[in-house]
>>> print(open('work14.tsv').read())   # TSV, N, CA and C atoms
chain	number	residue	atom	x	y	z
A	1	MET	N	0.83	-1.20	0.00
A	1	MET	CA	0.00	0.00	0.00
A	1	MET	C	0.87	1.25	0.00
A	2	GLN	N	1.63	1.41	-1.04
A	2	GLN	CA	2.44	2.61	-1.26
A	2	GLN	C	3.38	2.91	-0.09
A	3	GLY	N	3.83	1.88	0.58
A	3	GLY	CA	4.76	2.06	1.69
A	3	GLY	C	4.12	2.53	2.98
A	4	LEU	N	2.80	2.63	3.00
A	4	LEU	CA	2.11	3.05	4.23
A	4	LEU	C	2.14	1.93	5.26
A	5	LYS	N	2.28	2.30	6.49
A	5	LYS	CA	2.31	1.33	7.57
A	5	LYS	C	1.04	1.47	8.41
A	6	PHE	N	0.38	0.35	8.60
A	6	PHE	CA	-0.85	0.31	9.39
A	6	PHE	C	-0.61	-0.54	10.63
A	7	ARG	N	-1.21	-0.11	11.71
A	7	ARG	CA	-1.18	-0.91	12.95
A	7	ARG	C	-2.56	-1.48	13.17
A	8	ARG	N	-2.61	-2.71	13.64
A	8	ARG	CA	-3.87	-3.38	13.91
A	8	ARG	C	-4.17	-3.31	15.40
A	9	GLN	N	-5.44	-3.11	15.72
A	9	GLN	CA	-5.90	-3.03	17.12
A	9	GLN	C	-5.08	-2.02	17.90
A	10	MET	N	-5.04	-0.80	17.39
A	10	MET	CA	-4.23	0.25	18.00
A	10	MET	C	-5.07	1.06	19.00
A	11	PRO	N	-4.57	1.26	20.21
A	11	PRO	CA	-5.28	2.11	21.17
A	11	PRO	C	-5.17	3.58	20.78
A	12	LEU	N	-6.30	4.28	20.81
A	12	LEU	CA	-6.35	5.72	20.60
A	12	LEU	C	-7.29	6.29	21.65
A	13	GLY	N	-6.72	6.98	22.61
A	13	GLY	CA	-7.55	7.49	23.70
A	13	GLY	C	-8.23	6.32	24.38
A	14	PRO	N	-9.54	6.45	24.63
A	14	PRO	CA	-10.25	5.38	25.32
A	14	PRO	C	-10.70	4.24	24.40
A	15	TYR	N	-10.31	4.30	23.14
A	15	TYR	CA	-10.78	3.32	22.16
A	15	TYR	C	-9.62	2.49	21.61
A	16	THR	N	-9.97	1.35	21.05
A	16	THR	CA	-9.04	0.55	20.28
A	16	THR	C	-9.62	0.46	18.88
A	17	VAL	N	-8.86	0.93	17.89
A	17	VAL	CA	-9.36	0.95	16.52
A	17	VAL	C	-8.89	-0.29	15.77
A	18	ASP	N	-9.65	-0.67	14.76
A	18	ASP	CA	-9.31	-1.87	13.99
A	18	ASP	C	-7.95	-1.72	13.31
A	19	PHE	N	-7.80	-0.64	12.54
A	19	PHE	CA	-6.54	-0.37	11.84
A	19	PHE	C	-6.26	1.12	11.89
A	20	CYS	N	-4.99	1.49	11.96
A	20	CYS	CA	-4.61	2.89	12.00
A	20	CYS	C	-3.33	3.10	11.21
A	21	CYS	N	-3.33	4.15	10.40
A	21	CYS	CA	-2.11	4.61	9.73
A	21	CYS	C	-1.75	5.94	10.38
A	22	PRO	N	-0.86	5.91	11.38
A	22	PRO	CA	-0.54	7.15	12.09
A	22	PRO	C	-0.01	8.25	11.18
A	23	GLU	N	0.79	7.89	10.19
A	23	GLU	CA	1.36	8.89	9.29
A	23	GLU	C	0.27	9.69	8.57
A	24	ALA	N	-0.81	9.01	8.20
A	24	ALA	CA	-1.92	9.66	7.49
A	24	ALA	C	-3.04	10.06	8.45
A	25	THR	N	-2.86	9.84	9.74
A	25	THR	CA	-3.92	10.03	10.73
A	25	THR	C	-5.25	9.51	10.19
A	26	LEU	N	-5.21	8.23	9.81
A	26	LEU	CA	-6.36	7.56	9.21
A	26	LEU	C	-6.70	6.31	10.01
A	27	VAL	N	-7.96	6.20	10.37
A	27	VAL	CA	-8.47	5.04	11.10
A	27	VAL	C	-9.41	4.29	10.18
A	28	ILE	N	-9.24	2.98	10.12
A	28	ILE	CA	-10.12	2.11	9.34
A	28	ILE	C	-10.88	1.23	10.33
A	29	GLU	N	-12.20	1.31	10.27
A	29	GLU	CA	-13.06	0.47	11.11
A	29	GLU	C	-13.82	-0.48	10.20
A	30	ILE	N	-13.76	-1.76	10.48
A	30	ILE	CA	-14.50	-2.76	9.73
A	30	ILE	C	-15.76	-3.09	10.52
A	31	ASP	N	-16.90	-2.77	9.93
A	31	ASP	CA	-18.19	-2.97	10.59
A	31	ASP	C	-18.87	-4.23	10.10
A	32	SER	N	-19.16	-5.12	11.02
A	32	SER	CA	-19.86	-6.36	10.69
A	32	SER	C	-21.33	-6.20	11.06
A	33	ILE	N	-22.08	-7.26	10.91
A	33	ILE	CA	-23.49	-7.21	11.27
A	33	ILE	C	-23.67	-6.94	12.76
A	34	TYR	N	-22.64	-7.17	13.54
A	34	TYR	CA	-22.73	-6.95	14.98
A	34	TYR	C	-22.75	-5.46	15.32
A	35	HIS	N	-22.46	-4.59	14.34
A	35	HIS	CA	-22.52	-3.15	14.57
A	35	HIS	C	-23.93	-2.60	14.40
A	36	ALA	N	-24.83	-3.43	13.90
A	36	ALA	CA	-26.22	-2.98	13.73
A	36	ALA	C	-26.75	-2.54	15.09
A	37	GLY	N	-27.36	-1.39	15.11
A	37	GLY	CA	-27.90	-0.85	16.37
A	37	GLY	C	-26.88	-0.08	17.19
A	38	CYS	N	-25.66	0.04	16.70
A	38	CYS	CA	-24.60	0.75	17.44
A	38	CYS	C	-24.27	2.10	16.81
A	39	GLN	N	-25.14	2.61	15.95
A	39	GLN	CA	-24.82	3.83	15.22
A	39	GLN	C	-24.53	5.01	16.14
A	40	ASP	N	-25.28	5.15	17.23
A	40	ASP	CA	-25.04	6.27	18.15
A	40	ASP	C	-23.66	6.15	18.80
A	41	HIS	N	-23.33	4.97	19.26
A	41	HIS	CA	-22.03	4.74	19.88
A	41	HIS	C	-20.91	4.99	18.86
A	42	ASP	N	-21.09	4.45	17.66
A	42	ASP	CA	-20.07	4.63	16.61
A	42	ASP	C	-19.91	6.10	16.26
A	43	ALA	N	-21.01	6.84	16.20
A	43	ALA	CA	-20.94	8.28	15.86
A	43	ALA	C	-20.18	9.04	16.94
A	44	ARG	N	-20.45	8.74	18.22
A	44	ARG	CA	-19.72	9.40	19.31
A	44	ARG	C	-18.23	9.06	19.23
A	45	ARG	N	-17.95	7.82	18.98
A	45	ARG	CA	-16.57	7.37	18.87
A	45	ARG	C	-15.86	8.06	17.71
A	46	ASP	N	-16.52	8.14	16.57
A	46	ASP	CA	-15.94	8.80	15.40
A	46	ASP	C	-15.66	10.27	15.70
A	47	ARG	N	-16.59	10.96	16.35
A	47	ARG	CA	-16.38	12.37	16.71
A	47	ARG	C	-15.17	12.53	17.62
A	48	GLU	N	-15.02	11.65	18.59
A	48	GLU	CA	-13.87	11.71	19.51
A	48	GLU	C	-12.56	11.51	18.74
A	49	LEU	N	-12.53	10.52	17.86
A	49	LEU	CA	-11.32	10.27	17.08
A	49	LEU	C	-11.03	11.44	16.13
A	50	GLU	N	-12.07	11.99	15.53
A	50	GLU	CA	-11.88	13.14	14.64
A	50	GLU	C	-11.39	14.35	15.41
A	51	SER	N	-11.82	14.51	16.66
A	51	SER	CA	-11.35	15.63	17.47
A	51	SER	C	-9.85	15.49	17.77
A	52	ARG	N	-9.34	14.27	17.64
A	52	ARG	CA	-7.90	14.02	17.83
A	52	ARG	C	-7.13	14.13	16.51
A	53	GLY	N	-7.84	14.54	15.44
A	53	GLY	CA	-7.20	14.76	14.15
A	53	GLY	C	-7.24	13.59	13.19
A	54	TYR	N	-7.96	12.53	13.54
A	54	TYR	CA	-8.03	11.34	12.69
A	54	TYR	C	-9.25	11.40	11.78
A	55	ARG	N	-9.08	10.85	10.61
A	55	ARG	CA	-10.22	10.62	9.70
A	55	ARG	C	-10.62	9.18	9.91
A	56	VAL	N	-11.90	8.93	10.09
A	56	VAL	CA	-12.40	7.58	10.31
A	56	VAL	C	-13.10	7.11	9.04
A	57	LEU	N	-12.66	5.99	8.54
A	57	LEU	CA	-13.27	5.37	7.37
A	57	LEU	C	-13.90	4.06	7.81
A	58	ARG	N	-15.22	4.00	7.71
A	58	ARG	CA	-15.94	2.78	8.10
A	58	ARG	C	-16.25	1.97	6.85
A	59	ILE	N	-15.93	0.69	6.92
A	59	ILE	CA	-16.10	-0.21	5.79
A	59	ILE	C	-16.88	-1.43	6.28
A	60	SER	N	-17.85	-1.85	5.50
A	60	SER	CA	-18.61	-3.03	5.91
A	60	SER	C	-17.78	-4.29	5.64
A	61	ALA	N	-17.93	-5.25	6.51
A	61	ALA	CA	-17.21	-6.51	6.36
A	61	ALA	C	-17.60	-7.19	5.05
A	62	GLY	N	-18.84	-7.03	4.64
A	62	GLY	CA	-19.28	-7.60	3.37
A	62	GLY	C	-18.53	-7.02	2.20
A	63	ASP	N	-18.28	-5.70	2.24
A	63	ASP	CA	-17.52	-5.06	1.16
A	63	ASP	C	-16.07	-5.56	1.13
A	64	VAL	N	-15.52	-5.86	2.29
A	64	VAL	CA	-14.15	-6.40	2.32
A	64	VAL	C	-14.10	-7.72	1.56
A	65	VAL	N	-15.12	-8.52	1.70
A	65	VAL	CA	-15.17	-9.82	1.04
A	65	VAL	C	-15.41	-9.66	-0.46
A	66	THR	N	-16.30	-8.74	-0.84
A	66	THR	CA	-16.70	-8.66	-2.25
A	66	THR	C	-15.92	-7.64	-3.07
A	67	ASN	N	-15.24	-6.69	-2.42
A	67	ASN	CA	-14.58	-5.61	-3.17
A	67	ASN	C	-13.27	-5.19	-2.52
A	68	LEU	N	-12.46	-6.14	-2.13
A	68	LEU	CA	-11.23	-5.82	-1.41
A	68	LEU	C	-10.32	-4.90	-2.22
A	69	GLU	N	-10.16	-5.16	-3.50
A	69	GLU	CA	-9.27	-4.35	-4.32
A	69	GLU	C	-9.74	-2.89	-4.36
A	70	GLY	N	-11.03	-2.69	-4.53
A	70	GLY	CA	-11.57	-1.33	-4.55
A	70	GLY	C	-11.39	-0.62	-3.22
A	71	ILE	N	-11.57	-1.35	-2.14
A	71	ILE	CA	-11.41	-0.77	-0.80
A	71	ILE	C	-9.95	-0.38	-0.58
A	72	LEU	N	-9.02	-1.25	-0.96
A	72	LEU	CA	-7.60	-0.93	-0.78
A	72	LEU	C	-7.21	0.29	-1.61
A	73	THR	N	-7.76	0.40	-2.81
A	73	THR	CA	-7.50	1.57	-3.65
A	73	THR	C	-8.01	2.84	-2.98
A	74	THR	N	-9.21	2.77	-2.42
A	74	THR	CA	-9.79	3.93	-1.74
A	74	THR	C	-8.97	4.32	-0.51
A	75	ILE	N	-8.57	3.33	0.27
A	75	ILE	CA	-7.77	3.61	1.47
A	75	ILE	C	-6.45	4.27	1.07
A	76	ALA	N	-5.79	3.74	0.05
A	76	ALA	CA	-4.51	4.30	-0.39
A	76	ALA	C	-4.70	5.74	-0.88
A	77	ARG	N	-5.78	6.01	-1.61
A	77	ARG	CA	-6.03	7.36	-2.11
A	77	ARG	C	-6.27	8.34	-0.96
A	78	ILE	N	-7.10	7.97	-0.03
A	78	ILE	CA	-7.42	8.85	1.10
A	78	ILE	C	-6.16	9.09	1.94
A	79	ALA	N	-5.40	8.04	2.20
A	79	ALA	CA	-4.17	8.19	2.99
A	79	ALA	C	-3.20	9.14	2.29
A	80	ALA	N	-3.03	8.96	0.98
A	80	ALA	CA	-2.11	9.83	0.22
A	80	ALA	C	-2.58	11.28	0.27
A	81	GLU	N	-3.88	11.51	0.13
A	81	GLU	CA	-4.42	12.87	0.20
A	81	GLU	C	-4.16	13.50	1.56
A	82	ARG	N	-4.34	12.73	2.62
A	82	ARG	CA	-4.13	13.26	3.96
A	82	ARG	C	-2.66	13.59	4.22
A	83	ILE	N	-1.78	12.71	3.76
A	83	ILE	CA	-0.33	12.97	3.93
A	83	ILE	C	0.06	14.21	3.13
A	84	LYS	N	-0.42	14.32	1.91
A	84	LYS	CA	-0.09	15.46	1.06
A	84	LYS	C	-0.59	16.77	1.67
A	85	SER	N	-1.77	16.74	2.27
A	85	SER	CA	-2.34	17.96	2.85
A	85	SER	C	-1.55	18.43	4.07
A	86	LYS	N	-0.80	17.54	4.69
A	86	LYS	CA	0.01	17.90	5.86
A	86	LYS	C	1.32	18.58	5.48
A	87	SER	N	1.76	18.37	4.22
A	87	SER	CA	3.06	18.91	3.84
A	87	SER	C	2.96	20.25	3.15
>>> encode(input="work14.tsv", output="structure tokens")
Amino acid sequence: MQGLKFRRQMPLGPYTVDFCCPEATLVIEIDSIYHAGCQDHDARRDRELESRGYRVLRISAGDVVTNLEGILTTIARIAAERIKSKS
């Protein structure tokens, strides 16, 4: 992924995120069917992470299975944009 380094299960404040690219201040959350009904909690969590300067990208687990290449392309594009905007 263009030399980007991601950490899995990374603690950020009171939360542990699925994946994080610290260089791009990008958080990737994979949402499964178990997230149904958790929209309020997820929204609060996203706001907290965004207040720390992170962009949160939520991806459904189903999309990971059916469109992995497209998701990886999107993640790489967003990460590159964020890194570029910092310089």
>>> closest_residue(input="work14.tsv", among="A:Glu29, A:Asp18, A:Glu23, A:Glu81", to="Leu57 of chain A", atoms="all atoms listed in the file")
A:Glu29
>>> residues_around(input="work14.tsv", residues="segment 41-55 of chain A", least_positions_apart="5", cutoff="7 Å", atoms="only C-alpha atoms", output="ChimeraX atom specification")
/A:25-27
>>> select_by_dssp(input="work14.tsv", residues="segment 19-52 of chain A", states="alpha helix (DSSP H)", output="JSON, numbers by chain")
{"A": [39, 40, 41, 42, 43, 44, 45, 46, 47, 48, 49, 50, 51]}
>>> atom_distance(input="work14.tsv", atom1="atom C of Val17 of chain A", atom2="atom N of Ser87 of chain A")
24.4 Å
>>> atom_distance(input="work14.tsv", atom1="atom CA of Asp31 of chain A", atom2="atom CA of Ile78 of chain A")
18.6 Å
>>> atom_distance(input="work14.tsv", atom1="atom CA of Thr66 of chain A", atom2="atom CA of Ser32 of chain A")
13.5 Å
>>> build_atoms(input="work14.tsv", residues="segment 58-76 of chain A", atoms="N, CA, C and O atoms", output="PDB file, in the coordinates of the input")
ATOM      1  N   ARG A  58     -15.220   4.000   7.710  1.00  0.00           N
ATOM      2  CA  ARG A  58     -15.940   2.780   8.100  1.00  0.00           C
ATOM      3  C   ARG A  58     -16.250   1.970   6.850  1.00  0.00           C
ATOM      4  O   ARG A  58     -16.756   2.492   5.868  1.00  0.00           O
ATOM      5  N   ILE A  59     -15.930   0.690   6.920  1.00  0.00           N
ATOM      6  CA  ILE A  59     -16.100  -0.210   5.790  1.00  0.00           C
ATOM      7  C   ILE A  59     -16.880  -1.430   6.280  1.00  0.00           C
ATOM      8  O   ILE A  59     -16.568  -1.981   7.339  1.00  0.00           O
ATOM      9  N   SER A  60     -17.850  -1.850   5.500  1.00  0.00           N
ATOM     10  CA  SER A  60     -18.610  -3.030   5.910  1.00  0.00           C
ATOM     11  C   SER A  60     -17.780  -4.290   5.640  1.00  0.00           C
ATOM     12  O   SER A  60     -17.039  -4.371   4.657  1.00  0.00           O
ATOM     13  N   ALA A  61     -17.930  -5.250   6.510  1.00  0.00           N
ATOM     14  CA  ALA A  61     -17.210  -6.510   6.360  1.00  0.00           C
ATOM     15  C   ALA A  61     -17.600  -7.190   5.050  1.00  0.00           C
ATOM     16  O   ALA A  61     -16.757  -7.810   4.398  1.00  0.00           O
ATOM     17  N   GLY A  62     -18.840  -7.030   4.640  1.00  0.00           N
ATOM     18  CA  GLY A  62     -19.280  -7.600   3.370  1.00  0.00           C
ATOM     19  C   GLY A  62     -18.530  -7.020   2.200  1.00  0.00           C
ATOM     20  O   GLY A  62     -18.169  -7.730   1.252  1.00  0.00           O
ATOM     21  N   ASP A  63     -18.280  -5.700   2.240  1.00  0.00           N
ATOM     22  CA  ASP A  63     -17.520  -5.060   1.160  1.00  0.00           C
ATOM     23  C   ASP A  63     -16.070  -5.560   1.130  1.00  0.00           C
ATOM     24  O   ASP A  63     -15.480  -5.658   0.061  1.00  0.00           O
ATOM     25  N   VAL A  64     -15.520  -5.860   2.290  1.00  0.00           N
ATOM     26  CA  VAL A  64     -14.150  -6.400   2.320  1.00  0.00           C
ATOM     27  C   VAL A  64     -14.100  -7.720   1.560  1.00  0.00           C
ATOM     28  O   VAL A  64     -13.161  -7.970   0.797  1.00  0.00           O
ATOM     29  N   VAL A  65     -15.120  -8.520   1.700  1.00  0.00           N
ATOM     30  CA  VAL A  65     -15.170  -9.820   1.040  1.00  0.00           C
ATOM     31  C   VAL A  65     -15.410  -9.660  -0.460  1.00  0.00           C
ATOM     32  O   VAL A  65     -14.783 -10.341  -1.273  1.00  0.00           O
ATOM     33  N   THR A  66     -16.300  -8.740  -0.840  1.00  0.00           N
ATOM     34  CA  THR A  66     -16.700  -8.660  -2.250  1.00  0.00           C
ATOM     35  C   THR A  66     -15.920  -7.640  -3.070  1.00  0.00           C
ATOM     36  O   THR A  66     -15.937  -7.704  -4.297  1.00  0.00           O
ATOM     37  N   ASN A  67     -15.240  -6.690  -2.420  1.00  0.00           N
ATOM     38  CA  ASN A  67     -14.580  -5.610  -3.170  1.00  0.00           C
ATOM     39  C   ASN A  67     -13.270  -5.190  -2.520  1.00  0.00           C
ATOM     40  O   ASN A  67     -13.001  -3.996  -2.366  1.00  0.00           O
ATOM     41  N   LEU A  68     -12.460  -6.140  -2.130  1.00  0.00           N
ATOM     42  CA  LEU A  68     -11.230  -5.820  -1.410  1.00  0.00           C
ATOM     43  C   LEU A  68     -10.320  -4.900  -2.220  1.00  0.00           C
ATOM     44  O   LEU A  68      -9.774  -3.928  -1.690  1.00  0.00           O
ATOM     45  N   GLU A  69     -10.160  -5.160  -3.500  1.00  0.00           N
ATOM     46  CA  GLU A  69      -9.270  -4.350  -4.320  1.00  0.00           C
ATOM     47  C   GLU A  69      -9.740  -2.890  -4.360  1.00  0.00           C
ATOM     48  O   GLU A  69      -8.944  -1.961  -4.219  1.00  0.00           O
ATOM     49  N   GLY A  70     -11.030  -2.690  -4.530  1.00  0.00           N
ATOM     50  CA  GLY A  70     -11.570  -1.330  -4.550  1.00  0.00           C
ATOM     51  C   GLY A  70     -11.390  -0.620  -3.220  1.00  0.00           C
ATOM     52  O   GLY A  70     -11.076   0.573  -3.167  1.00  0.00           O
ATOM     53  N   ILE A  71     -11.570  -1.350  -2.140  1.00  0.00           N
ATOM     54  CA  ILE A  71     -11.410  -0.770  -0.800  1.00  0.00           C
ATOM     55  C   ILE A  71      -9.950  -0.380  -0.580  1.00  0.00           C
ATOM     56  O   ILE A  71      -9.669   0.715  -0.084  1.00  0.00           O
ATOM     57  N   LEU A  72      -9.020  -1.250  -0.960  1.00  0.00           N
ATOM     58  CA  LEU A  72      -7.600  -0.930  -0.780  1.00  0.00           C
ATOM     59  C   LEU A  72      -7.210   0.290  -1.610  1.00  0.00           C
ATOM     60  O   LEU A  72      -6.423   1.138  -1.161  1.00  0.00           O
ATOM     61  N   THR A  73      -7.760   0.400  -2.810  1.00  0.00           N
ATOM     62  CA  THR A  73      -7.500   1.570  -3.650  1.00  0.00           C
ATOM     63  C   THR A  73      -8.010   2.840  -2.980  1.00  0.00           C
ATOM     64  O   THR A  73      -7.318   3.867  -2.953  1.00  0.00           O
ATOM     65  N   THR A  74      -9.210   2.770  -2.420  1.00  0.00           N
ATOM     66  CA  THR A  74      -9.790   3.930  -1.740  1.00  0.00           C
ATOM     67  C   THR A  74      -8.970   4.320  -0.510  1.00  0.00           C
ATOM     68  O   THR A  74      -8.696   5.498  -0.292  1.00  0.00           O
ATOM     69  N   ILE A  75      -8.570   3.330   0.270  1.00  0.00           N
ATOM     70  CA  ILE A  75      -7.770   3.610   1.470  1.00  0.00           C
ATOM     71  C   ILE A  75      -6.450   4.270   1.070  1.00  0.00           C
ATOM     72  O   ILE A  75      -6.039   5.270   1.673  1.00  0.00           O
ATOM     73  N   ALA A  76      -5.790   3.740   0.050  1.00  0.00           N
ATOM     74  CA  ALA A  76      -4.510   4.300  -0.390  1.00  0.00           C
ATOM     75  C   ALA A  76      -4.700   5.740  -0.880  1.00  0.00           C
ATOM     76  O   ALA A  76      -3.871   6.613  -0.578  1.00  0.00           O
TER      77      ALA A  76
END
